[in-house]
Every structure is written in C-alpha cells, then in structure tokens.
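The data block below is structure.json; it holds JSON, C-alpha atoms.
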[["chain", "number", "residue", "atom", "x", "y", "z"],
["A", 1, "MET", "CA", 5.32, 1.33, 17.37],
["A", 2, "THR", "CA", 6.89, 1.29, 13.91],
["A", 3, "ASP", "CA", 6.98, 4.60, 12.11],
["A", 4, "CYS", "CA", 4.87, 5.62, 9.12],
["A", 5, "HIS", "CA", 7.01, 6.62, 6.11],
["A", 6, "VAL", "CA", 5.07, 9.88, 5.69],
["A", 7, "CYS", "CA", 5.42, 10.76, 9.39],
["A", 8, "LEU", "CA", 9.17, 10.09, 9.20],
["A", 9, "SER", "CA", 9.64, 12.56, 6.35],
["A", 10, "MET", "CA", 7.44, 15.12, 8.15],
["A", 11, "ARG", "CA", 9.49, 14.70, 11.32],
["A", 12, "THR", "CA", 12.67, 15.80, 9.51],
["A", 13, "ARG", "CA", 11.03, 19.20, 8.93],
["A", 14, "LYS", "CA", 9.05, 19.37, 12.17],
["A", 15, "PRO", "CA", 10.67, 17.30, 14.95],
["A", 16, "SER", "CA", 7.64, 17.67, 17.22],
["A", 17, "HIS", "CA", 5.41, 15.71, 14.78],
["A", 18, "VAL", "CA", 4.03, 12.57, 16.45],
["A", 19, "GLN", "CA", 2.48, 9.59, 14.72],
["A", 20, "GLU", "CA", -1.02, 8.69, 15.89],
["A", 21, "GLY", "CA", -2.18, 5.08, 15.83],
["A", 22, "LEU", "CA", -0.58, 1.84, 14.74],
["A", 23, "SER", "CA", 1.10, 1.35, 11.38],
["A", 24, "LYS", "CA", -0.06, -0.93, 8.57],
["A", 25, "THR", "CA", 1.85, -2.07, 5.49],
["A", 26, "CYS", "CA", 0.69, -0.64, 2.17],
["A", 27, "ILE", "CA", -0.09, -3.39, -0.34],
["A", 28, "LEU", "CA", 1.15, -1.26, -3.27],
["A", 29, "CYS", "CA", 4.49, 0.10, -2.03],
["A", 30, "CYS", "CA", 5.24, -2.24, 0.93],
["A", 31, "ARG", "CA", 5.96, 0.68, 3.26],
["A", 32, "LEU", "CA", 4.42, 1.39, 6.64],
["A", 33, "TYR", "CA", 1.74, 4.07, 7.04],
["A", 34, "CYS", "CA", -0.46, 5.31, 9.88],
["A", 35, "PRO", "CA", -4.25, 5.90, 9.87],
["A", 36, "ASN", "CA", -3.68, 9.63, 9.21],
["A", 37, "HIS", "CA", -1.89, 8.83, 5.94],
["A", 38, "ALA", "CA", -4.19, 6.13, 4.57],
["A", 39, "ALA", "CA", -5.85, 6.63, 1.19],
["A", 40, "THR", "CA", -9.28, 8.15, 1.75],
["A", 41, "ASN", "CA", -10.91, 8.20, -1.69],
["A", 42, "GLY", "CA", -11.56, 5.92, -4.63],
["A", 43, "PRO", "CA", -11.13, 2.16, -4.72],
["A", 44, "ALA", "CA", -7.96, 2.42, -2.62],
["A", 45, "ASN", "CA", -10.06, 3.34, 0.41],
["A", 46, "ASP", "CA", -10.37, 0.37, 2.80],
["A", 47, "ASN", "CA", -7.77, -1.59, 0.83],
["A", 48, "ASN", "CA", -4.66, -1.15, 2.99],
["A", 49, "VAL", "CA", -3.19, 1.56, 0.75],
["A", 50, "CYS", "CA", -1.33, 4.70, 1.82],
["A", 51, "GLU", "CA", -1.98, 8.17, 0.41],
["A", 52, "ILE", "CA", 1.14, 8.61, -1.77],
["A", 53, "ASN", "CA", 1.10, 8.73, -5.59],
["A", 54, "HIS", "CA", 1.86, 5.08, -6.30],
["A", 55, "GLN", "CA", 2.28, 5.54, -10.05],
["A", 56, "THR", "CA", 5.18, 7.93, -9.47],
["A", 57, "TYR", "CA", 6.64, 5.76, -6.71],
["A", 58, "TYR", "CA", 6.45, 2.70, -9.00],
["A", 59, "ARG", "CA", 8.13, 4.58, -11.87],
["A", 60, "ASN", "CA", 11.01, 5.66, -9.59],
["A", 61, "HIS", "CA", 11.46, 2.39, -7.65],
["A", 62, "ARG", "CA", 10.27, -0.51, -9.83],
["A", 63, "GLN", "CA", 13.79, -1.88, -10.25],
["A", 64, "GLN", "CA", 14.04, -2.54, -6.50],
["A", 65, "SER", "CA", 11.51, -5.36, -6.46],
["A", 66, "LYS", "CA", 9.12, -6.19, -9.27],
["A", 67, "ALA", "CA", 6.95, -8.41, -7.07],
["A", 68, "ASP", "CA", 6.41, -5.93, -4.24],
["A", 69, "ILE", "CA", 5.73, -2.53, -5.84],
["A", 70, "PHE", "CA", 2.64, -1.79, -7.93],
["A", 71, "PRO", "CA", 1.32, 1.41, -9.57],
["A", 72, "SER", "CA", -2.35, 0.61, -8.86],
["A", 73, "LEU", "CA", -4.70, -1.90, -7.29],
["A", 74, "SER", "CA", -5.66, -3.22, -10.73],
["A", 75, "ALA", "CA", -1.98, -3.86, -11.62],
["A", 76, "ARG", "CA", -1.55, -5.73, -8.34],
["A", 77, "ALA", "CA", -4.69, -7.78, -8.95],
["A", 78, "GLU", "CA", -3.50, -8.62, -12.49],
["A", 79, "PHE", "CA", -0.07, -9.69, -11.21],
["A", 80, "TYR", "CA", -1.56, -12.05, -8.63],
["A", 81, "GLY", "CA", -4.34, -13.25, -10.95],
["A", 82, "THR", "CA", -7.16, -11.87, -8.84],
["A", 83, "GLU", "CA", -10.12, -9.66, -9.59],
["A", 84, "LEU", "CA", -10.66, -6.48, -7.62],
["A", 85, "ASP", "CA", -14.18, -6.05, -6.30],
["A", 86, "VAL", "CA", -14.23, -2.24, -6.21],
["A", 87, "ALA", "CA", -17.69, -1.98, -4.66],
["A", 88, "GLY", "CA", -16.73, -4.24, -1.77],
["A", 89, "GLY", "CA", -13.15, -3.01, -1.57],
["A", 90, "ARG", "CA", -11.85, -6.57, -1.56],
["A", 91, "GLU", "CA", -10.00, -8.90, -3.87],
["A", 92, "LYS", "CA", -11.67, -11.99, -5.22],
["A", 93, "GLY", "CA", -9.43, -15.00, -5.49],
["A", 94, "ALA", "CA", -7.14, -14.15, -2.60],
["A", 95, "GLU", "CA", -6.89, -17.86, -1.90],
["A", 96, "LYS", "CA", -5.04, -18.25, -5.24],
["A", 97, "TYR", "CA", -2.45, -15.77, -3.98],
["A", 98, "ARG", "CA", -2.08, -17.58, -0.67],
["A", 99, "GLU", "CA", -1.63, -20.92, -2.46],
["A", 100, "ALA", "CA", 1.00, -19.43, -4.79],
["A", 101, "THR", "CA", 2.99, -17.91, -1.93],
["A", 102, "ASN", "CA", 2.90, -21.07, 0.19],
["A", 103, "LYS", "CA", 4.64, -23.19, -2.48]]
Please re-express this file's structure in structure tokens.
Amino acid sequence: MTDCHVCLSMRTRKPSHVQEGLSKTCILCCRLYCPNHAATNGPANDNNVCEINHQTYYRNHRQQSKADIFPSLSARAEFYGTELDVAGGREKGAEKYREATNK
C-alpha cells in the first residue's frame, strides 16, 4: 500500500496513525491520498481530488511542473481543452486528452 501524503504528515506527529484504504492519485496535485482525505464537497467530490487547498499548493509549487499541478478543476479542464460537467462530476472530451498524451 502506498502512503497518502496527508497520512504521512500526520504520522510524523502521531506515529500510531494508520492509513485506511487504498491510495489514489489526485488529478490536481499528482500526490497520493486515501479515502479519508478525499475532497467531500463541491465539484471536486467524486473527481479524484484530495482535500488540500490546491490554490495554495499551486502557488507554492507551480514551478515544479506546469503540466501536472493545477489550482482548480476548471484550470485543469482549460489546460487540457475539456469541459467540466459539474453536475455529473465528469469531464467531457477526455478522449481529446488521451489522444494528446498518446502522441
């Protein structure tokens, strides 16, 4: 099991902290997170996004990789040329992204 970035920082303060569940990769910050630290409100819910403040994370880390870190779902959708379907929690035009990355 790969560790959630939030659980790792919590474990430095409380070594007995244990991650529950499998990790996923956040589509905004490209870091691993567990089900306990997934975003639970707004359009980020059900969109593979962790609970951190992505605008602050983007501001502090955007020089690392412009293509992998985004401040919001709408910024990510704009970068990849897709539309975010907020009601359905999905991106329209994901096939465009797949085509662009397979070249």
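With all atoms listed in the file as the atoms that count, the minimum distance from Cys4 (chain A) to the choices A:Asn53, A:Ser72, A:Ser16, A:Ser23 is reached by A:Ser23.
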Have a look at A:Cys30, A:His37, A:Arg62, A:Ile69 and name the one nearest to Met10 (chain A); count all atoms listed in the file.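 Residue with the minimum atom-to-atom distance to Met10 (chain A): A:His37.
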Answer as a PyMOL selection string, residues within 7 Å of (3.0, -12.2, -11.0) using all atoms listed in the file: chain A and resi 67+79-80
Write out as a ChimeraX atom specification each polymer residue whose atoms come within 10 Å of Val49 (chain A), counting only C-alpha atoms; drop sequence neighbours fewer than 4 positions from it. /A:24-33,37-40,43-45,54,72-73
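CA of Glu51 (chain A) is positioned 12.5 Å from CA of Pro71 (chain A).
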Measuring between all atoms listed in the file, which one of A:Asp68, A:Cys7, A:His61, A:Thr12 shows the shortest distance to Asn36 (chain A)?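 Of A:Asp68, A:Cys7, A:His61, A:Thr12, the one nearest Asn36 (chain A) is A:Cys7, counting all atoms listed in the file.
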Find the smallest box with edges along x, y and z containing every listed atom of region 13-22 of chain A, then add 6 Å on each side and report centre and edge lengths in Å to one decimal, as AutoDock Vina command-line options.
--center_x 4.4 --center_y 10.6 --center_z 13.1 --size_x 25.2 --size_y 29.5 --size_z 20.3
One number please: CA of Leu8 (chain A) to CA of Thr56 (chain A), in Å, one decimal.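 Going from CA of Leu8 (chain A) over to CA of Thr56 (chain A), I get 19.2 Å.
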CA of Val6 (chain A) sits from CA of Glu20 (chain A) at a separation of 11.9 Å
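Of the listed residues A:Gly81, A:Pro35, A:Lys14, A:Asn60, the one whose atoms come nearest to Asn48 (chain A) is A:Pro35, with distances taken using all atoms listed in the file.
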Residue with the minimum atom-to-atom distance to Arg76 (chain A), picked from A:Gln63, A:Asn41, A:Ser9, A:Asn47 with all atoms listed in the file counted, is A:Asn47
One residue among A:Ser74, A:Gln64, A:Gln19, A:Gln55 is nearest to Cys34 (chain A) when using all atoms listed in the file, and that residue is A:Gln19
